[in-house]
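Participant: Before anything else, here's the structure in question.
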Amino acid sequence: QVQLVESGGGLVQAGGSLRLSCVASGRTLSSYAMGWFRQAPGKEREFVAAIARGGGGTVYGDSVKGRFTISRDNAKNTVFLQMNVLKPEDTAVYYCAASEISSSTYTPRGVRTYDYWGQGTQVTVSS
């Protein structure tokens with residue numbers, strides 16, 4: 001079992017940047033495909049980005065494509081989400097998640113394909 005802890009959230013003006021980190025403990029991060037999701041008040045949890053276990057494949061939600069970048073450092077057991085050109089509609093709690101999917105190249109998008117979740121970090125973008 002793996003435990004996930006997110007950090008790096010905060011308040012930023014529109015057009016600014018933030019870098020979220022997710023540190024894993026309990027098991028090595030290389031055992032999992034990793035994803036980021038977000039949830040705004042009153043809305044369903046939304047897929048943001050995913051990276052394959054092997055790190056070679058990434059996929060993004062349409063609303064963040066071209067602005068956000070997911071990466072991983074398996075040696076540091078950490079996955080990152082670089083968020084640029086932030087917009088007020090990016091305001092949400094951001095969650096890191098780990099999937100035990102066996103494929104080393106698959107990048108899961110669905111909430112139910114993830115097995116472990118962090119507690120979330122708040123990102124607020126002011127206009």
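Each chain of the structure tokens is named A, B, ... in the order shown, its residues numbered from 1; ligands are numbered from 1 in display order.
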As a PDB file with all heavy atoms, in the first residue's frame, please: the residues near Ala75 of chain A (cut-off 9 Å, only C-alpha atoms, same-chain neighbours under 4 positions excluded).
Facilitator:
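What ended up in around-v6.pdb:
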```
ATOM      1  N   THR A  28       7.507   1.934  -3.583  1.00  0.00           N
ATOM      2  CA  THR A  28       8.172   2.732  -4.584  1.00  0.00           C
ATOM      3  C   THR A  28       7.197   3.237  -5.635  1.00  0.00           C
ATOM      4  O   THR A  28       6.297   2.514  -6.071  1.00  0.00           O
ATOM      5  CB  THR A  28       9.298   1.940  -5.251  1.00  0.00           C
ATOM      6  OG1 THR A  28       9.892   2.737  -6.262  1.00  0.00           O
ATOM      7  CG2 THR A  28       8.771   0.652  -5.879  1.00  0.00           C
ATOM      8  N   LEU A  29       7.369   4.489  -6.022  1.00  0.00           N
ATOM      9  CA  LEU A  29       6.460   5.131  -6.972  1.00  0.00           C
ATOM     10  C   LEU A  29       6.474   4.444  -8.333  1.00  0.00           C
ATOM     11  O   LEU A  29       5.489   4.501  -9.070  1.00  0.00           O
ATOM     12  CB  LEU A  29       6.859   6.597  -7.126  1.00  0.00           C
ATOM     13  CG  LEU A  29       5.818   7.522  -7.733  1.00  0.00           C
ATOM     14  CD1 LEU A  29       4.622   7.647  -6.813  1.00  0.00           C
ATOM     15  CD2 LEU A  29       6.423   8.875  -8.031  1.00  0.00           C
ATOM     16  N   SER A  30       7.566   3.789  -8.668  1.00  0.00           N
ATOM     17  CA  SER A  30       7.675   3.155  -9.988  1.00  0.00           C
ATOM     18  C   SER A  30       6.701   1.993 -10.165  1.00  0.00           C
ATOM     19  O   SER A  30       6.539   1.490 -11.278  1.00  0.00           O
ATOM     20  CB  SER A  30       9.112   2.678 -10.228  1.00  0.00           C
ATOM     21  OG  SER A  30       9.480   1.739  -9.234  1.00  0.00           O
TER      22      SER A  30
END
```
Participant: Can you build me a table of segment 6-28 of chain A residues sitting at most 9 Å from segment 87-102 of chain A, with the closest atom pair per residue and its distance in Å to one decimal, using only C-alpha atoms, sorted by chain and residue number, as a tab-separated table?
Facilitator:
```
residue	atom	partner	partner_atom	distance
A:Glu6	CA	A:Cys96	CA	6.6
A:Gly9	CA	A:Tyr94	CA	8.1
A:Gln13	CA	A:Lys87	CA	8.1
A:Ala14	CA	A:Lys87	CA	5.0
A:Gly15	CA	A:Lys87	CA	6.4
A:Gly16	CA	A:Lys87	CA	8.3
A:Leu20	CA	A:Tyr94	CA	8.6
A:Ser21	CA	A:Cys96	CA	8.6
A:Cys22	CA	A:Cys96	CA	6.3
```
Participant: Atoms to include: N, CA and C atoms. Write the selected residues as a PDB file, in the first residue's frame.
Facilitator:
```pdb
ATOM      1  N   GLU A   6       0.193  15.511  -0.993  1.00  0.00           N
ATOM      2  CA  GLU A   6       0.358  16.621  -1.933  1.00  0.00           C
ATOM      3  C   GLU A   6       0.816  17.880  -1.203  1.00  0.00           C
ATOM      4  N   GLY A   9       0.087  23.812  -3.220  1.00  0.00           N
ATOM      5  CA  GLY A   9      -1.072  24.631  -3.540  1.00  0.00           C
ATOM      6  C   GLY A   9      -0.980  26.006  -2.895  1.00  0.00           C
ATOM      7  N   GLN A  13      -2.490  34.727  -8.731  1.00  0.00           N
ATOM      8  CA  GLN A  13      -3.284  35.543  -9.660  1.00  0.00           C
ATOM      9  C   GLN A  13      -3.400  34.860 -11.011  1.00  0.00           C
ATOM     10  N   ALA A  14      -4.444  35.189 -11.723  1.00  0.00           N
ATOM     11  CA  ALA A  14      -4.623  34.654 -13.070  1.00  0.00           C
ATOM     12  C   ALA A  14      -3.392  34.961 -13.920  1.00  0.00           C
ATOM     13  N   GLY A  15      -2.973  33.969 -14.687  1.00  0.00           N
ATOM     14  CA  GLY A  15      -1.778  34.095 -15.502  1.00  0.00           C
ATOM     15  C   GLY A  15      -0.516  33.594 -14.822  1.00  0.00           C
ATOM     16  N   GLY A  16      -0.615  33.341 -13.535  1.00  0.00           N
ATOM     17  CA  GLY A  16       0.534  32.882 -12.770  1.00  0.00           C
ATOM     18  C   GLY A  16       0.750  31.385 -12.875  1.00  0.00           C
ATOM     19  N   LEU A  20       2.760  21.748  -8.170  1.00  0.00           N
ATOM     20  CA  LEU A  20       2.321  20.819  -7.140  1.00  0.00           C
ATOM     21  C   LEU A  20       3.261  19.620  -7.084  1.00  0.00           C
ATOM     22  N   SER A  21       3.455  19.112  -5.871  1.00  0.00           N
ATOM     23  CA  SER A  21       4.254  17.910  -5.671  1.00  0.00           C
ATOM     24  C   SER A  21       3.421  16.864  -4.944  1.00  0.00           C
ATOM     25  N   CYS A  22       3.719  15.616  -5.207  1.00  0.00           N
ATOM     26  CA  CYS A  22       3.056  14.511  -4.532  1.00  0.00           C
ATOM     27  C   CYS A  22       4.138  13.498  -4.168  1.00  0.00           C
TER      28      CYS A  22
END
```
Participant: Find the residue from A:Gly35, A:Pro108, A:Pro41, A:Gly26 that sits nearest to Arg72 of chain A; use only C-alpha atoms when measuring.
Facilitator: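 Smallest separation from Arg72 of chain A among the options: A:Gly35.
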Participant: Counting only C-alpha atoms, which residue out of A:Gly54, A:Ala49, A:Thr78, A:Val123 sits closest to Ser25 of chain A?
Facilitator: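 Closest to Ser25 of chain A of all the choices is A:Thr78.
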Participant: Which of these, A:Ser31, A:Trp36, A:Asp62, A:Asn84, has the shortest distance to Ser17 of chain A once you count only C-alpha atoms?
Facilitator: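 Nearest candidate to Ser17 of chain A out of A:Ser31, A:Trp36, A:Asp62, A:Asn84: A:Asn84.
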Participant: Enter the distance from atom CA of Tyr106 of chain A to atom CA of Ala40 of chain A, in Å, rounded to one decimal.
Facilitator: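 Taking atom CA of Tyr106 of chain A and atom CA of Ala40 of chain A, their separation equals 26.7 Å.
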Participant: Which one of A:Ser104, A:Gly120, A:Leu86, A:Ser127 sits closest to Leu18 of chain A if you count only C-alpha atoms?
Facilitator: A:Leu86
Participant: So the first atom is atom CA of Gly57 of chain A and the second is atom CA of Lys43 of chain A; what is the distance between them in Å, to one decimal place?
Facilitator: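 It comes out at 27.9 Å.
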Participant: Got a sec: who's within 7 Å of Val12 of chain A, counting only C-alpha atoms, leaving out chain neighbours fewer than 5 positions off, as a list in words?
Facilitator: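 Residues meeting the cut-off are Thr124, Val125 and Ser126 of chain A.
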Participant: Could you write out that same residue set with N, CA and C atoms as an mmCIF file, in the first residue's frame?
Facilitator:
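What ended up in again.cif:
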```
data_model
loop_
_atom_site.group_PDB
_atom_site.id
_atom_site.type_symbol
_atom_site.label_atom_id
_atom_site.label_comp_id
_atom_site.auth_asym_id
_atom_site.auth_seq_id
_atom_site.Cartn_x
_atom_site.Cartn_y
_atom_site.Cartn_z
ATOM 1 N N THR A 124 -6.161 28.166 -5.527
ATOM 2 C CA THR A 124 -7.113 29.245 -5.745
ATOM 3 C C THR A 124 -6.491 30.268 -6.689
ATOM 4 N N VAL A 125 -7.180 30.544 -7.789
ATOM 5 C CA VAL A 125 -6.698 31.494 -8.785
ATOM 6 C C VAL A 125 -7.635 32.688 -8.788
ATOM 7 N N SER A 126 -7.084 33.846 -8.476
ATOM 8 C CA SER A 126 -7.891 35.067 -8.427
ATOM 9 C C SER A 126 -7.846 35.787 -9.772
#
```
